[in-house]
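What follows is the content of query-v6.cif, which has mmCIF, C-alpha atoms and all ligand atoms:
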data_structure
#
loop_
_atom_site.group_PDB
_atom_site.id
_atom_site.type_symbol
_atom_site.label_atom_id
_atom_site.label_comp_id
_atom_site.auth_asym_id
_atom_site.auth_seq_id
_atom_site.Cartn_x
_atom_site.Cartn_y
_atom_site.Cartn_z
ATOM 1 C CA MET A 1 0.000 0.000 0.000
ATOM 2 C CA ALA A 2 1.324 3.409 -0.954
ATOM 3 C CA ASP A 3 1.892 6.071 1.697
ATOM 4 C CA SER A 4 1.078 8.650 -0.899
ATOM 5 C CA LEU A 5 0.106 8.562 -4.548
ATOM 6 C CA GLU A 6 2.093 10.420 -7.179
ATOM 7 C CA TRP A 7 0.986 11.881 -10.498
ATOM 8 C CA ASP A 8 2.538 13.012 -13.729
ATOM 9 C CA VAL A 9 1.205 14.337 -17.033
ATOM 10 C CA PHE A 10 2.189 13.384 -20.575
ATOM 11 C CA VAL A 11 1.202 15.956 -23.196
ATOM 12 C CA SER A 12 0.815 14.579 -26.714
ATOM 13 C CA ALA A 13 2.129 17.293 -29.015
ATOM 14 C CA GLN A 14 0.015 19.075 -31.598
ATOM 15 C CA ILE A 15 -0.269 17.174 -34.883
ATOM 16 C CA GLN A 16 -1.669 18.302 -38.207
ATOM 17 C CA ALA A 17 -5.387 17.733 -38.758
ATOM 18 C CA VAL A 18 -6.687 17.799 -42.334
ATOM 19 C CA VAL A 19 -9.586 20.279 -42.461
ATOM 20 C CA SER A 20 -10.865 22.320 -45.399
ATOM 21 C CA ASP A 21 -12.262 25.236 -43.390
ATOM 22 C CA LEU A 22 -9.547 27.260 -41.681
ATOM 23 C CA PRO A 23 -9.709 30.540 -39.787
ATOM 24 C CA PRO A 24 -8.779 33.722 -41.672
ATOM 25 C CA GLY A 25 -5.070 33.807 -42.382
ATOM 26 C CA ALA A 26 -4.370 30.218 -41.296
ATOM 27 C CA THR A 27 -2.745 27.705 -43.624
ATOM 28 C CA GLU A 28 -3.145 24.581 -41.496
ATOM 29 C CA MET A 29 -4.819 23.261 -38.373
ATOM 30 C CA ARG A 30 -2.933 21.442 -35.686
ATOM 31 C CA TRP A 31 -5.026 19.546 -33.134
ATOM 32 C CA SER A 32 -4.813 20.785 -29.563
ATOM 33 C CA PRO A 33 -2.202 19.125 -27.348
ATOM 34 C CA ILE A 34 -3.790 16.321 -25.301
ATOM 35 C CA SER A 35 -3.045 15.506 -21.654
ATOM 36 C CA SER A 36 -2.837 11.998 -20.251
ATOM 37 C CA THR A 37 -2.332 11.727 -16.493
ATOM 38 C CA LEU A 38 -0.659 8.792 -14.757
ATOM 39 C CA ILE A 39 -1.509 8.379 -11.089
ATOM 40 C CA SER A 40 0.818 5.937 -9.370
ATOM 41 C CA GLY A 41 1.242 4.064 -6.136
ATOM 42 C CA GLU A 42 4.378 2.128 -5.225
ATOM 43 C CA ARG A 43 3.657 -0.614 -7.725
ATOM 44 C CA ASP A 44 0.456 0.060 -9.681
ATOM 45 C CA ALA A 45 -0.781 2.970 -11.794
ATOM 46 C CA VAL A 46 -3.952 4.330 -13.400
ATOM 47 C CA LEU A 47 -4.013 6.277 -16.681
ATOM 48 C CA ILE A 48 -6.595 9.006 -17.225
ATOM 49 C CA ASP A 49 -7.255 9.535 -20.982
ATOM 50 C CA THR A 50 -5.198 8.557 -24.036
ATOM 51 C CA ALA A 51 -4.381 10.495 -27.226
ATOM 52 C CA ILE A 52 -5.701 10.045 -30.794
ATOM 53 C CA THR A 53 -3.330 8.442 -33.270
ATOM 54 C CA VAL A 54 -1.386 5.189 -33.081
ATOM 55 C CA GLU A 55 1.891 7.116 -33.233
ATOM 56 C CA GLN A 56 0.909 9.426 -30.375
ATOM 57 C CA ASN A 57 -0.227 6.491 -28.258
ATOM 58 C CA LEU A 58 2.957 4.490 -28.874
ATOM 59 C CA LYS A 59 4.870 7.429 -27.359
ATOM 60 C CA LEU A 60 2.407 7.555 -24.471
ATOM 61 C CA ALA A 61 2.874 3.801 -23.896
ATOM 62 C CA ASP A 62 6.674 4.277 -23.842
ATOM 63 C CA TRP A 63 6.271 6.999 -21.237
ATOM 64 C CA ILE A 64 4.067 4.791 -19.053
ATOM 65 C CA ALA A 65 6.526 1.898 -19.402
ATOM 66 C CA ALA A 66 9.391 4.189 -18.340
ATOM 67 C CA SER A 67 7.607 4.775 -15.037
ATOM 68 C CA GLY A 68 8.162 1.105 -14.233
ATOM 69 C CA LYS A 69 4.619 0.856 -12.869
ATOM 70 C CA ASN A 70 2.050 -1.838 -13.518
ATOM 71 C CA LEU A 71 -0.861 -0.209 -15.371
ATOM 72 C CA THR A 72 -4.046 -1.659 -13.881
ATOM 73 C CA THR A 73 -6.688 0.720 -15.246
ATOM 74 C CA ILE A 74 -7.358 3.202 -18.043
ATOM 75 C CA TYR A 75 -10.180 5.678 -17.415
ATOM 76 C CA ALA A 76 -11.710 8.020 -20.025
ATOM 77 C CA THR A 77 -13.136 11.298 -18.694
ATOM 78 C CA HIS A 78 -15.539 11.743 -21.619
ATOM 79 C CA GLY A 79 -16.584 10.224 -24.926
ATOM 80 C CA HIS A 80 -14.583 12.275 -27.451
ATOM 81 C CA GLY A 81 -12.316 10.086 -29.582
ATOM 82 C CA ASP A 82 -9.238 12.210 -28.926
ATOM 83 C CA HIS A 83 -9.251 10.930 -25.343
ATOM 84 C CA PHE A 84 -9.843 7.177 -25.814
ATOM 85 C CA PHE A 85 -8.828 6.034 -29.303
ATOM 86 C CA GLY A 86 -5.454 4.949 -27.895
ATOM 87 C CA VAL A 87 -6.678 2.190 -25.606
ATOM 88 C CA ASN A 88 -5.817 -0.671 -27.985
ATOM 89 C CA THR A 89 -2.265 0.633 -28.481
ATOM 90 C CA ILE A 90 -1.736 1.101 -24.733
ATOM 91 C CA ARG A 91 -3.115 -2.351 -24.003
ATOM 92 C CA GLN A 92 -0.678 -3.989 -26.383
ATOM 93 C CA ARG A 93 1.965 -2.946 -23.842
ATOM 94 C CA PHE A 94 -0.221 -3.450 -20.769
ATOM 95 C CA PRO A 95 -2.595 -6.323 -21.615
ATOM 96 C CA ASN A 96 -3.961 -6.570 -18.078
ATOM 97 C CA ALA A 97 -5.185 -2.965 -17.903
ATOM 98 C CA ARG A 98 -8.950 -2.730 -17.709
ATOM 99 C CA PHE A 99 -10.675 0.159 -19.482
ATOM 100 C CA VAL A 100 -13.527 1.887 -17.636
ATOM 101 C CA ALA A 101 -15.823 4.910 -17.924
ATOM 102 C CA THR A 102 -19.260 5.963 -16.738
ATOM 103 C CA ARG A 103 -22.365 4.583 -18.444
ATOM 104 C CA GLU A 104 -23.125 7.920 -20.178
ATOM 105 C CA VAL A 105 -19.567 8.218 -21.444
ATOM 106 C CA ILE A 106 -19.815 4.693 -22.865
ATOM 107 C CA VAL A 107 -22.887 5.738 -24.886
ATOM 108 C CA ALA A 108 -20.953 8.710 -26.298
ATOM 109 C CA MET A 109 -17.974 6.467 -27.089
ATOM 110 C CA GLN A 110 -20.140 4.049 -29.030
ATOM 111 C CA LYS A 111 -21.179 6.927 -31.306
ATOM 112 C CA GLN A 112 -17.634 8.300 -31.659
ATOM 113 C CA ALA A 113 -16.233 4.861 -32.515
ATOM 114 C CA SER A 114 -19.042 4.022 -34.981
ATOM 115 C CA ASP A 115 -18.097 3.643 -38.671
ATOM 116 C CA PRO A 116 -20.009 6.730 -39.865
ATOM 117 C CA VAL A 117 -18.305 9.055 -37.355
ATOM 118 C CA VAL A 118 -14.856 7.483 -37.671
ATOM 119 C CA ASN A 119 -14.999 7.581 -41.489
ATOM 120 C CA ALA A 120 -16.530 11.045 -41.880
ATOM 121 C CA TYR A 121 -14.716 12.803 -39.054
ATOM 122 C CA TRP A 122 -11.629 11.116 -37.585
ATOM 123 C CA LYS A 123 -10.164 9.360 -40.639
ATOM 124 C CA VAL A 124 -10.564 12.519 -42.723
ATOM 125 C CA ARG A 125 -8.605 14.553 -40.215
ATOM 126 C CA PHE A 126 -5.991 11.898 -39.445
ATOM 127 C CA PRO A 127 -5.739 9.673 -42.538
ATOM 128 C CA GLU A 128 -4.081 6.264 -41.954
ATOM 129 C CA GLN A 129 -3.382 7.224 -38.334
ATOM 130 C CA ILE A 130 -6.421 5.972 -36.403
ATOM 131 C CA ASP A 131 -6.223 2.527 -34.792
ATOM 132 C CA SER A 132 -8.373 -0.024 -36.653
ATOM 133 C CA THR A 133 -9.442 -1.410 -33.259
ATOM 134 C CA LEU A 134 -11.333 1.112 -31.146
ATOM 135 C CA VAL A 135 -12.125 -0.218 -27.690
ATOM 136 C CA ILE A 136 -15.277 0.748 -25.794
ATOM 137 C CA ALA A 137 -14.963 0.957 -22.010
ATOM 138 C CA ASP A 138 -16.632 -1.271 -19.433
ATOM 139 C CA GLU A 139 -18.856 0.505 -16.964
ATOM 140 C CA LEU A 140 -17.260 1.841 -13.793
ATOM 141 C CA LYS A 141 -20.251 0.928 -11.660
ATOM 142 C CA ASP A 142 -19.554 2.524 -8.285
ATOM 143 C CA GLY A 143 -17.672 5.555 -9.627
ATOM 144 C CA VAL A 144 -14.497 4.777 -7.697
ATOM 145 C CA ILE A 145 -11.154 3.356 -8.826
ATOM 146 C CA GLU A 146 -9.059 1.897 -6.005
ATOM 147 C CA LEU A 147 -5.302 2.359 -6.259
ATOM 148 C CA GLU A 148 -3.236 0.790 -3.472
ATOM 149 C CA GLY A 149 -5.816 1.628 -0.839
ATOM 150 C CA LYS A 150 -6.477 5.161 -2.091
ATOM 151 C CA GLN A 151 -9.541 6.348 -4.003
ATOM 152 C CA LEU A 152 -9.809 7.953 -7.436
ATOM 153 C CA ILE A 153 -13.359 9.286 -7.653
ATOM 154 C CA SER A 154 -15.225 9.863 -10.907
ATOM 155 C CA VAL A 155 -17.197 13.119 -10.564
ATOM 156 C CA PRO A 156 -19.997 13.815 -13.078
ATOM 157 C CA LEU A 157 -19.730 17.302 -14.625
ATOM 158 C CA GLY A 158 -22.606 17.311 -17.131
ATOM 159 C CA HIS A 159 -21.990 19.384 -20.253
ATOM 160 C CA THR A 160 -18.501 20.877 -20.521
ATOM 161 C CA ASP A 161 -17.090 20.672 -24.059
ATOM 162 C CA THR A 162 -19.580 17.880 -24.767
ATOM 163 C CA ASP A 163 -22.408 16.209 -22.838
ATOM 164 C CA ASN A 164 -22.017 13.882 -19.841
ATOM 165 C CA THR A 165 -18.385 14.593 -19.066
ATOM 166 C CA THR A 166 -16.548 13.739 -15.844
ATOM 167 C CA CYS A 167 -13.403 14.585 -13.962
ATOM 168 C CA VAL A 168 -11.358 12.474 -11.543
ATOM 169 C CA HIS A 169 -10.842 13.668 -7.989
ATOM 170 C CA VAL A 170 -8.024 12.176 -5.925
ATOM 171 C CA PRO A 171 -8.664 13.545 -2.419
ATOM 172 C CA SER A 172 -5.536 12.033 -0.842
ATOM 173 C CA ILE A 173 -3.287 14.220 -3.036
ATOM 174 C CA SER A 174 -5.739 17.080 -3.649
ATOM 175 C CA LEU A 175 -5.685 16.519 -7.407
ATOM 176 C CA VAL A 176 -8.400 16.983 -10.020
ATOM 177 C CA VAL A 177 -7.850 15.554 -13.487
ATOM 178 C CA ALA A 178 -10.409 17.725 -15.230
ATOM 179 C CA GLY A 179 -10.637 16.142 -18.664
ATOM 180 C CA ASP A 180 -12.135 18.768 -20.976
ATOM 181 C CA GLY A 181 -13.917 20.447 -18.057
ATOM 182 C CA ALA A 182 -10.932 22.800 -17.909
ATOM 183 C CA TYR A 183 -8.585 24.051 -20.609
ATOM 184 C CA ASN A 184 -5.113 25.425 -19.960
ATOM 185 C CA ASP A 185 -4.041 28.144 -22.412
ATOM 186 C CA VAL A 186 -5.789 26.425 -25.349
ATOM 187 C CA HIS A 187 -8.949 27.714 -27.079
ATOM 188 C CA LEU A 188 -12.080 25.986 -25.744
ATOM 189 C CA HIS A 189 -14.227 23.727 -27.907
ATOM 190 C CA LEU A 190 -17.603 25.499 -27.693
ATOM 191 C CA GLY A 191 -18.882 24.087 -30.970
ATOM 192 C CA GLU A 192 -21.302 21.714 -29.205
ATOM 193 C CA SER A 193 -22.598 24.330 -26.766
ATOM 194 C CA THR A 194 -25.669 26.525 -26.429
ATOM 195 C CA THR A 195 -26.270 29.506 -24.142
ATOM 196 C CA GLU A 196 -27.829 27.055 -21.665
ATOM 197 C CA THR A 197 -25.081 24.434 -21.757
ATOM 198 C CA ARG A 198 -22.396 27.098 -21.413
ATOM 199 C CA LYS A 199 -24.009 27.834 -18.029
ATOM 200 C CA GLU A 200 -23.764 24.128 -17.284
ATOM 201 C CA TRP A 201 -20.051 24.270 -18.080
ATOM 202 C CA ILE A 202 -19.593 27.186 -15.677
ATOM 203 C CA ALA A 203 -21.447 25.172 -13.015
ATOM 204 C CA ALA A 204 -19.114 22.241 -13.727
ATOM 205 C CA LEU A 205 -16.153 24.538 -13.047
ATOM 206 C CA ASP A 206 -17.803 25.587 -9.786
ATOM 207 C CA THR A 207 -18.029 21.875 -8.921
ATOM 208 C CA ILE A 208 -14.315 21.397 -9.605
ATOM 209 C CA GLU A 209 -13.520 24.464 -7.479
ATOM 210 C CA SER A 210 -15.652 23.131 -4.606
ATOM 211 C CA LEU A 211 -13.297 20.137 -4.392
ATOM 212 C CA LYS A 212 -10.567 22.629 -3.392
ATOM 213 C CA PRO A 213 -7.845 20.987 -5.457
ATOM 214 C CA SER A 214 -4.256 22.128 -5.185
ATOM 215 C CA ALA A 215 -3.606 20.941 -8.754
ATOM 216 C CA VAL A 216 -5.905 20.754 -11.780
ATOM 217 C CA VAL A 217 -4.900 19.013 -15.007
ATOM 218 C CA ALA A 218 -6.696 20.223 -18.136
ATOM 219 C CA GLY A 219 -7.538 17.789 -20.936
ATOM 220 C CA HIS A 220 -5.911 20.211 -23.371
ATOM 221 C CA LYS A 221 -2.971 22.239 -22.117
ATOM 222 C CA ARG A 222 -0.033 24.138 -23.511
ATOM 223 C CA PRO A 223 2.984 21.865 -22.995
ATOM 224 C CA GLY A 224 4.810 22.957 -19.858
ATOM 225 C CA ALA A 225 1.961 25.109 -18.526
ATOM 226 C CA PRO A 226 1.589 24.643 -14.745
ATOM 227 C CA ASP A 227 -1.383 22.563 -13.568
ATOM 228 C CA THR A 228 -2.625 25.194 -11.134
ATOM 229 C CA PRO A 229 -6.221 25.694 -9.933
ATOM 230 C CA ASN A 230 -6.079 29.132 -11.626
ATOM 231 C CA ILE A 231 -7.197 27.419 -14.815
ATOM 232 C CA ILE A 232 -10.658 26.947 -13.250
ATOM 233 C CA GLU A 233 -11.327 30.698 -13.268
ATOM 234 C CA GLU A 234 -9.477 31.185 -16.561
ATOM 235 C CA THR A 235 -11.800 28.662 -18.213
ATOM 236 C CA ARG A 236 -14.895 30.255 -16.629
ATOM 237 C CA LYS A 237 -13.750 33.688 -17.805
ATOM 238 C CA TYR A 238 -13.219 32.452 -21.355
ATOM 239 C CA ILE A 239 -16.798 31.107 -21.446
ATOM 240 C CA ARG A 240 -18.191 34.379 -20.073
ATOM 241 C CA ASP A 241 -16.130 36.398 -22.544
ATOM 242 C CA PHE A 242 -17.374 34.202 -25.366
ATOM 243 C CA ASP A 243 -20.999 34.760 -24.289
ATOM 244 C CA THR A 244 -20.473 38.520 -24.075
ATOM 245 C CA ALA A 245 -18.728 38.610 -27.448
ATOM 246 C CA ALA A 246 -21.447 36.433 -29.012
ATOM 247 C CA ALA A 247 -24.107 38.887 -27.808
ATOM 248 C CA LYS A 248 -22.242 41.897 -29.204
ATOM 249 C CA THR A 249 -21.358 40.529 -32.629
ATOM 250 C CA GLN A 250 -23.345 39.558 -35.707
ATOM 251 C CA THR A 251 -21.186 37.130 -37.623
ATOM 252 C CA ALA A 252 -18.880 34.226 -36.869
ATOM 253 C CA LEU A 253 -15.971 36.270 -38.211
ATOM 254 C CA GLU A 254 -16.706 39.194 -35.889
ATOM 255 C CA LEU A 255 -17.027 36.842 -32.914
ATOM 256 C CA TYR A 256 -13.781 35.130 -33.860
ATOM 257 C CA ARG A 257 -11.918 38.424 -34.194
ATOM 258 C CA ARG A 258 -13.259 39.754 -30.890
ATOM 259 C CA MET A 259 -12.119 36.632 -29.020
ATOM 260 C CA ILE A 260 -8.710 36.678 -30.726
ATOM 261 C CA GLU A 261 -8.295 40.265 -29.490
ATOM 262 C CA LEU A 262 -8.968 39.033 -25.955
ATOM 263 C CA TYR A 263 -6.962 35.811 -26.285
ATOM 264 C CA PRO A 264 -4.207 36.412 -28.849
ATOM 265 C CA GLU A 265 -1.851 33.812 -27.398
ATOM 266 C CA ARG A 266 -4.035 30.776 -26.677
ATOM 267 C CA LEU A 267 -3.164 27.696 -28.692
ATOM 268 C CA ASN A 268 -5.299 26.482 -31.579
ATOM 269 C CA PRO A 269 -7.400 29.383 -32.897
ATOM 270 C CA ALA A 270 -8.954 26.943 -35.395
ATOM 271 C CA VAL A 271 -11.026 25.571 -32.507
ATOM 272 C CA LEU A 272 -12.327 29.093 -31.818
ATOM 273 C CA TRP A 273 -13.183 29.412 -35.510
ATOM 274 C CA PHE A 274 -15.302 26.224 -35.338
ATOM 275 C CA SER A 275 -16.946 27.417 -32.094
ATOM 276 C CA ALA A 276 -17.816 30.791 -33.645
ATOM 277 C CA GLN A 277 -19.322 29.192 -36.730
ATOM 278 C CA ALA A 278 -21.363 26.753 -34.677
ATOM 279 C CA ILE A 279 -22.827 29.622 -32.630
ATOM 280 C CA LYS A 280 -23.467 31.861 -35.652
ATOM 281 C CA PRO A 281 -24.200 29.470 -38.506
ATOM 282 C CA GLY A 282 -24.722 30.829 -42.003
ATOM 283 C CA HIS A 283 -22.740 34.020 -41.457
HETATM 284 ZN ZN ZN A 301 -10.733 16.865 -26.067
#
Turn this file's structure into structure tokens for me.
Ligand SMILES: [Zn+2]
Amino acid sequence: MADSLEWDVFVSAQIQAVVSDLPPGATEMRWSPISSTLISGERDAVLIDTAITVEQNLKLADWIAASGKNLTTIYATHGHGDHFFGVNTIRQRFPNARFVATREVIVAMQKQASDPVVNAYWKVRFPEQIDSTLVIADELKDGVIELEGKQLISVPLGHTDTDNTTCVHVPSISLVVAGDGAYNDVHLHLGESTTETRKEWIAALDTIESLKPSAVVAGHKRPGAPDTPNIIEETRKYIRDFDTAAAKTQTALELYRRMIELYPERLNPAVLWFSAQAIKPGH
């Protein structure tokens, strides 16, 4: 049994995504960097979220192997493919690792891993790079993963950047692995949101804050950015700024430009471009 758990984050670097619609002035889109968090005891470890492509996940598997820990469990915070398409690759190195998620996340995964979505969305963006075997999680029934006598608790967050998301709270080390409930210096994916569900996202951030974490890992973070709880308020502020800008602008382009003025340095403006167009379609 571990006296204390440890944690570490692997950030899969930005890779090119093939998209035809780019923001003004851009010549390519690179997918946001993706965080995978390894929580370890003395002997065993749990991985929260994978990356997208086989190549990314081979690097992630190497990193896990270098820890020397026995990977017992992979948990996916939500049903977007960029956080669970790597399970098959990881399991080739760690065949005994079980893969778990909440029931609602499993439903979302089944859609994301279905042929129509994989063919029309993921394979277009990442040709020849998506694993041919996409694994769907088993249900984490009681919402708790045990790791050497300590608890990793799945906390439902509702809508954040998609519906039915979760984070993982590890009370013994005051850690929240936020999944896409929080972003760290990367433009937020608001393309699935409405005015109502953006309020839900802000409430989800209030939930994370109420856990009083001393560290918060965002699902998408600038490599090297500190995992501080400040990102809770930074994410809330971005959503509020987006709402204000959406109310004051007419077209997707105006909304995009307003947000870029406010957030000139955040990674991946293409995501903001998709968010703006989703909120103001046809402009
Ligand atoms: Zn994501």
* **Protein and nucleic acid residues near (8.4, 0.0, -11.2) (cut-off 8 Å, all atoms listed in the file) as number ranges by chain** => A: 42-43, 67-70
* For Ser114 (chain A), list every protein, DNA or RNA residue within 12 Å, evaluated using only C-alpha atoms, and leave out those in the same chain fewer than 4 positions away; present the list as a PyMOL selection string. => chain A and resi 81+85+107-110+118-123+132-136
* Between CA of Gly219 (chain A) and CA of Val144 (chain A), measure the distance and give it in Å to one decimal. => 19.8 Å
Can you tell me which residues surround Cys167 (chain A) at a distance of at most 8 Å, considering only C-alpha atoms, apart from same-chain residues fewer than 6 positions away, and format the answer as a short mmCIF file (atom, residue, chain, number, x, y, z; two decimals) with C-alpha atoms, in the coordinates of the input?
data_model
loop_
_atom_site.label_atom_id
_atom_site.label_comp_id
_atom_site.auth_asym_id
_atom_site.auth_seq_id
_atom_site.Cartn_x
_atom_site.Cartn_y
_atom_site.Cartn_z
CA THR A 77 -13.14 11.30 -18.69
CA SER A 154 -15.22 9.86 -10.91
CA VAL A 155 -17.20 13.12 -10.56
CA PRO A 156 -20.00 13.82 -13.08
CA LEU A 157 -19.73 17.30 -14.62
CA VAL A 176 -8.40 16.98 -10.02
CA VAL A 177 -7.85 15.55 -13.49
CA ALA A 178 -10.41 17.73 -15.23
CA GLY A 179 -10.64 16.14 -18.66
CA GLY A 181 -13.92 20.45 -18.06
#
* Asked: How would you write, as a ChimeraX atom specification, the residues chosen by the PyMOL selection byres (((chain A and resi 264-270) around 6) and not hetatm) on this structure?
  -> /A:23,185-187,260-261,263,271-273
* Please identify every polymer residue within 8 Å of ligand ZN 301 (chain A), using only C-alpha atoms and all ligand atoms, and present the set as an NGL selection string. => :A and (32 or 34 or 80-83 or 161 or 179-180 or 189 or 219-220)
